[in-house]
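Trainee: To start, I am sharing the structure in question, which I have written as structure tokens.
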Amino acid sequence: MQQVANLQSLLSGQDSTHAGNYFVSNYPPFSVWNEADVASATERLQRPGNPRTPLGLYIHLPFCRKRCDFCYFRVYTDKNHSEIEAYLDAVVSEASLLSEQGFLAGRTLDFIYIGGGTPSYLSGRQLTRLMKGLRAALPWDAPSEVAFECEPGTLSERKLKVILDFGVNRLSLGVENFDDDILAGNNRAHRSMEVYRAWEWVERVGFEQVNLDLIAGMIGETDAKWSRSVAETARLAPDAVTVYQMEIPFNTTIYREMREGGSTTAPVADWPTKRRWTREAFEALESKGYTVGSAYTAVRDSSKIRFVYRDQLWDGADMLALGVSAFGYLDGVHYQNQPHMQPYMDAVGSGQLPVSRALPITAQEAMIRQFVLKLKLGRLEAEPFRRRFGVDVTSRWADELSLFQEHGLLSFDKERIELTREGLLHVDRLLHAFFLPEHATIRYA
Ligand SMILES: C[S@@+](CC[C@H](N)C(=O)[O-])C[C@H]1O[C@@H](n2cnc3c(N)ncnc32)[C@H](O)[C@@H]1O
Ligand code: SF4
């Protein structure tokens with residue numbers, strides 16, 4: 001009964017936007033990863049990995065022109081040229097350290113995600129130097145996907161050609177909104193003109209896949225402005241559109257200002273409004289032929305568009321972390337690199353892997369991790385869980401699933417679970433119901 005009561009409170013959760021994380025990006029939560037387990041990651045790296053498990057690489061490039069008021073990533077806006085060059089050298093040195101680990105023996109990289117911060121903040125020359133160094137150090141032969149994040153105002157046609165030439169086949173543009181007052185009011189560095197200008201170059205240079213990010217619920221958003229941003233997005237017709245619902249984690253400028261002003265409610269739309277805006281965006285894109293492929297994405301041609309990083313990671317792939325604060329996963333061991341620049345630089349400078357916290361997970365936690373991440377796709381098959389973990393997920397969570405079904409959030413039978421659109425729009429809130437009791441109420445950050 002206690003469990004059902006917990007679920008009821010989960011469903012009736014707060015409508016207004018309070019500070020804290022919404023997006024569930026991993027399991028168990030980061031707050032239980034710890035320093036005492038660092039050796040489990042560094043030791044796991046020394047032993048051979050499973051050659052049948054796909055291997056990915058996440059590279060964190062933490063520099064931005066400005067810090068957006070809503071941003072919760074590790075970013076720096078104050079680093080000068082030589083500090084950036086020193087960081088790039090450290091990333092290449094870290095790659096060399098990784099390449100000596102037994103975990104990589106006989107394996108090649110299947111997918112690469114270059115994220116940040118703003119990878120496109122680097123100059124064409126810096127990017128070329130970095131990529132040459134990384135390719136020489138790592139088994140970077142023919143990854144099926146190389147994804148690269150850009151802030152539109154940092155691009156030029158020449159830089160885009162450099163990015164294409166080192167094999168990027170999924171370019172992602174952080175547009176967020178087309179309204180200049182909203183962009184300014186959230187301390188975004190670019191304006192809509194820079195998006196349109198960059199878009200021409202992106203089309204001319206020609207990438208296999210281009211994704212455009214939007215955020216539902218920026219400060220100053222209105223129904224009319226949101227509809228216009230969605231219409232402009234549809235007009236540009238990128239291969240994929242990602243719509244995030246605005247969350248206000250504790251390390252954002254917005255939260256700092258809330259605290260200073262003594263407010264507990266964020267100055268952004270409430271959750272029902274953000275869900276409605278996301279629903280409207282999905283419906284507008286569907287009317288133009290897009291398909292909704294997860295809680296956050298719509299794709300123009302679902303037979304062609306893949307997102308290997310997401311799909312492999314959510315399916316339990318290994319992932320090496322490169323750079324300050326980067327996250328990785330090694331055959332059942334989560335880990336994160338030093339979250340601050342100086343300790344990161346010091347560790348790499350002294351020839352050590354810069355791992356700062358880790359968590360070896362149990363088979364049960366690995367199963368839950370895969371279950372909650374895959375639910376974000378909106379549909380889930382039970383058979384792979386039986387095969388891989390010996391667990392019948394629809395029986396194990398029959399009470400939770402039945403309650404969500406009664407609320408119109410999903411339907412399920414023995415073999416599959418299918419979220420309704422309403423369920424998909426709520427999904428990150430629902431996932432906590434499947435966590436182990438000791439993680440269910442943990443602060444997520
Ligand atoms: C690393 S950024 C993308 C690249 C580049 N830094 C940029 O912003 O253009 C990743 C994405 O996270 C999303 N994001 C950042 N903070 C967010 C927040 N508080 N709530 C929802 N989405 C957020 C934005 O859509 C952003 O494009
Ligand atoms: S540009 Fe991207 S990474 Fe940089 S502060 Fe803004 S949202 Fe964060």
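Ordered as shown in the structure tokens, chains take letters A, B, and onward, while each chain numbers its residues from 1 and ligands are numbered from 1 in the order shown.
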Sort by chain and increasing residue number a table of all residues of chain A within 7 Å of ligand 1, each with its closest pair of atoms and their distance in Å to one decimal, counting only C-alpha atoms and all ligand atoms, and write it as JSON lines.
Mentor:
```
{"residue": "A:Cys64", "atom": "CA", "partner": "ligand 1", "partner_atom_place_in_ligand_line": "6 (N)", "distance": 6.7}
{"residue": "A:Phe70", "atom": "CA", "partner": "ligand 1", "partner_atom_place_in_ligand_line": "19 (N)", "distance": 4.4}
{"residue": "A:Cys71", "atom": "CA", "partner": "ligand 1", "partner_atom_place_in_ligand_line": "16 (N)", "distance": 4.0}
{"residue": "A:Tyr72", "atom": "CA", "partner": "ligand 1", "partner_atom_place_in_ligand_line": "16 (N)", "distance": 5.7}
{"residue": "A:Phe73", "atom": "CA", "partner": "ligand 1", "partner_atom_place_in_ligand_line": "1 (C)", "distance": 6.8}
{"residue": "A:Gly115", "atom": "CA", "partner": "ligand 1", "partner_atom_place_in_ligand_line": "1 (C)", "distance": 5.9}
{"residue": "A:Gly116", "atom": "CA", "partner": "ligand 1", "partner_atom_place_in_ligand_line": "1 (C)", "distance": 4.6}
{"residue": "A:Gly117", "atom": "CA", "partner": "ligand 1", "partner_atom_place_in_ligand_line": "6 (N)", "distance": 4.5}
{"residue": "A:Thr118", "atom": "CA", "partner": "ligand 1", "partner_atom_place_in_ligand_line": "6 (N)", "distance": 4.1}
{"residue": "A:Glu149", "atom": "CA", "partner": "ligand 1", "partner_atom_place_in_ligand_line": "4 (C)", "distance": 4.7}
{"residue": "A:Cys150", "atom": "CA", "partner": "ligand 1", "partner_atom_place_in_ligand_line": "4 (C)", "distance": 4.9}
{"residue": "A:Glu151", "atom": "CA", "partner": "ligand 1", "partner_atom_place_in_ligand_line": "9 (O)", "distance": 3.5}
{"residue": "A:Pro152", "atom": "CA", "partner": "ligand 1", "partner_atom_place_in_ligand_line": "9 (O)", "distance": 6.5}
{"residue": "A:Leu173", "atom": "CA", "partner": "ligand 1", "partner_atom_place_in_ligand_line": "9 (O)", "distance": 5.8}
{"residue": "A:Gly174", "atom": "CA", "partner": "ligand 1", "partner_atom_place_in_ligand_line": "9 (O)", "distance": 3.3}
{"residue": "A:Val175", "atom": "CA", "partner": "ligand 1", "partner_atom_place_in_ligand_line": "9 (O)", "distance": 6.1}
{"residue": "A:Glu176", "atom": "CA", "partner": "ligand 1", "partner_atom_place_in_ligand_line": "25 (O)", "distance": 5.5}
{"residue": "A:Asp213", "atom": "CA", "partner": "ligand 1", "partner_atom_place_in_ligand_line": "25 (O)", "distance": 4.9}
{"residue": "A:Leu214", "atom": "CA", "partner": "ligand 1", "partner_atom_place_in_ligand_line": "25 (O)", "distance": 5.4}
{"residue": "A:Ile215", "atom": "CA", "partner": "ligand 1", "partner_atom_place_in_ligand_line": "25 (O)", "distance": 5.4}
{"residue": "A:Tyr244", "atom": "CA", "partner": "ligand 1", "partner_atom_place_in_ligand_line": "22 (N)", "distance": 4.9}
{"residue": "A:Gln245", "atom": "CA", "partner": "ligand 1", "partner_atom_place_in_ligand_line": "21 (C)", "distance": 5.3}
{"residue": "A:Met246", "atom": "CA", "partner": "ligand 1", "partner_atom_place_in_ligand_line": "20 (N)", "distance": 3.7}
{"residue": "A:Glu247", "atom": "CA", "partner": "ligand 1", "partner_atom_place_in_ligand_line": "20 (N)", "distance": 4.2}
{"residue": "A:Ile248", "atom": "CA", "partner": "ligand 1", "partner_atom_place_in_ligand_line": "19 (N)", "distance": 5.1}
{"residue": "A:Pro249", "atom": "CA", "partner": "ligand 1", "partner_atom_place_in_ligand_line": "19 (N)", "distance": 6.5}
```
Trainee: Keeping only N, CA and C atoms, write the selected residues as a compact mmCIF listing (two decimals), in the first residue's frame.
Mentor:
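Writing the result to result14.txt gives the following:
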```txt
# COMPACT_ATOMS: atom_id res chain seq x y z
N CYS A 64 32.25 28.07 -23.61
CA CYS A 64 31.08 28.73 -24.23
C CYS A 64 31.34 30.22 -24.31
N PHE A 70 20.01 29.18 -17.78
CA PHE A 70 19.39 27.89 -17.42
C PHE A 70 20.37 26.73 -17.45
N CYS A 71 21.61 26.98 -17.82
CA CYS A 71 22.52 25.86 -18.12
C CYS A 71 23.06 25.20 -16.85
N TYR A 72 23.12 23.87 -16.87
CA TYR A 72 23.62 23.13 -15.71
C TYR A 72 24.87 22.31 -16.04
N PHE A 73 25.43 22.53 -17.23
CA PHE A 73 26.62 21.76 -17.61
C PHE A 73 27.88 22.41 -17.05
N GLY A 115 30.57 16.70 -27.03
CA GLY A 115 29.56 17.56 -26.41
C GLY A 115 30.21 18.60 -25.51
N GLY A 116 29.36 19.34 -24.81
CA GLY A 116 29.93 20.40 -23.98
C GLY A 116 28.92 20.96 -23.01
N GLY A 117 29.16 22.19 -22.70
CA GLY A 117 29.87 23.23 -23.38
C GLY A 117 29.55 23.29 -24.88
N THR A 118 30.40 23.98 -25.56
CA THR A 118 30.20 24.24 -26.97
C THR A 118 31.42 23.81 -27.77
N GLU A 149 28.11 18.86 -31.05
CA GLU A 149 27.18 19.93 -30.63
C GLU A 149 27.70 21.31 -31.01
N CYS A 150 26.81 22.15 -31.49
CA CYS A 150 27.19 23.51 -31.90
C CYS A 150 26.25 24.53 -31.30
N GLU A 151 26.81 25.69 -31.01
CA GLU A 151 25.97 26.88 -30.73
C GLU A 151 26.02 27.69 -32.03
N PRO A 152 24.86 28.03 -32.61
CA PRO A 152 24.83 28.57 -33.97
C PRO A 152 25.77 29.76 -34.20
N LEU A 173 22.42 21.45 -33.38
CA LEU A 173 22.45 22.91 -33.18
C LEU A 173 21.58 23.30 -31.99
N GLY A 174 22.18 23.98 -31.03
CA GLY A 174 21.40 24.48 -29.89
C GLY A 174 20.73 25.78 -30.26
N VAL A 175 19.55 25.71 -30.83
CA VAL A 175 18.83 26.91 -31.24
C VAL A 175 17.99 27.41 -30.05
N GLU A 176 17.29 26.53 -29.41
CA GLU A 176 16.46 26.75 -28.21
C GLU A 176 15.20 27.57 -28.46
N ASP A 213 17.95 21.66 -31.38
CA ASP A 213 17.41 21.62 -30.01
C ASP A 213 16.50 22.82 -29.75
N LEU A 214 15.37 22.56 -29.10
CA LEU A 214 14.50 23.64 -28.60
C LEU A 214 14.28 23.39 -27.10
N ILE A 215 13.98 24.45 -26.36
CA ILE A 215 13.59 24.28 -24.96
C ILE A 215 12.19 24.85 -24.77
N TYR A 244 13.39 19.87 -25.23
CA TYR A 244 13.58 19.64 -23.80
C TYR A 244 12.57 20.48 -23.03
N GLN A 245 12.05 19.94 -21.94
CA GLN A 245 11.21 20.75 -21.05
C GLN A 245 12.16 21.42 -20.06
N MET A 246 12.05 22.71 -19.92
CA MET A 246 13.00 23.47 -19.08
C MET A 246 13.01 22.96 -17.64
N GLU A 247 14.19 22.60 -17.16
CA GLU A 247 14.36 22.26 -15.75
C GLU A 247 15.33 23.26 -15.15
N ILE A 248 15.26 23.44 -13.85
CA ILE A 248 16.11 24.44 -13.18
C ILE A 248 16.96 23.74 -12.12
N PRO A 249 18.02 23.06 -12.52
CA PRO A 249 18.90 22.43 -11.53
C PRO A 249 19.55 23.46 -10.60
```
Trainee: If we count only C-alpha atoms, what is near range 412-425 of chain A at a cut-off of 6 Å, once residues fewer than 2 positions away on the same chain are taken out, given as a list of chain:residue names?
Mentor: A:Arg275, A:Ala295, A:Gly378, A:Arg379, A:Leu380, A:Glu381, A:Ala382, A:Thr394, A:Leu409, A:Leu410, A:Val427
Trainee: For the residues in that selection, give me C-alpha atoms as a JSON list (two decimals), in the first residue's frame.
Mentor:
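The resulting file, out04.json, is shown below:
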```
[["chain", "number", "residue", "atom", "x", "y", "z"],
["A", 275, "ARG", "CA", 4.10, 19.59, -21.41],
["A", 295, "ALA", "CA", 10.09, 11.63, -25.13],
["A", 378, "GLY", "CA", 7.99, 5.30, -25.49],
["A", 379, "ARG", "CA", 7.85, 1.55, -26.07],
["A", 380, "LEU", "CA", 9.69, -1.38, -24.58],
["A", 381, "GLU", "CA", 9.84, -5.10, -25.34],
["A", 382, "ALA", "CA", 9.98, -7.54, -22.40],
["A", 394, "THR", "CA", 6.01, -6.56, -16.81],
["A", 409, "LEU", "CA", -0.13, 7.03, -19.18],
["A", 410, "LEU", "CA", 0.65, 3.69, -20.80],
["A", 427, "VAL", "CA", 8.12, 10.16, -18.53]]
```
Trainee: Excluding range 131-148 of chain A and any residue of its chain fewer than 4 positions from it, enumerate the residues within 8 Å of it, using only C-alpha atoms, and give them as a PyMOL selection string.
Mentor: chain A and resi 92+95-96+98-99+107-115+119+127+166-172+307-309
Trainee: Which of these residues is nearest to ligand 2, using only C-alpha atoms and all ligand atoms: A:Arg74, A:Phe23, A:Pro48, A:Pro54?
Mentor: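 For ligand 2, the nearest of the given residues is A:Arg74.
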Trainee: Nearest residue to ligand 2 out of A:Pro51, A:Gly124, A:Ser25, A:Asn251, using only C-alpha atoms and all ligand atoms?
Mentor: A:Asn251
Trainee: What does the distance between CA of Arg235 in chain A and CA of Phe178 in chain A come to in Å, to one decimal place?
Mentor: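 A separation of 12.0 Å between them.
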Trainee: Grab the CA of Glu203 in chain A to CA of Ala281 in chain A distance for me, in Å with one decimal place.
Mentor: 22.8 Å
Trainee: Kindly give the distance, in Å, that separates CA of Tyr335 in chain A and CA of Gly20 in chain A, rounded to a single decimal.
Mentor: 21.9 Å
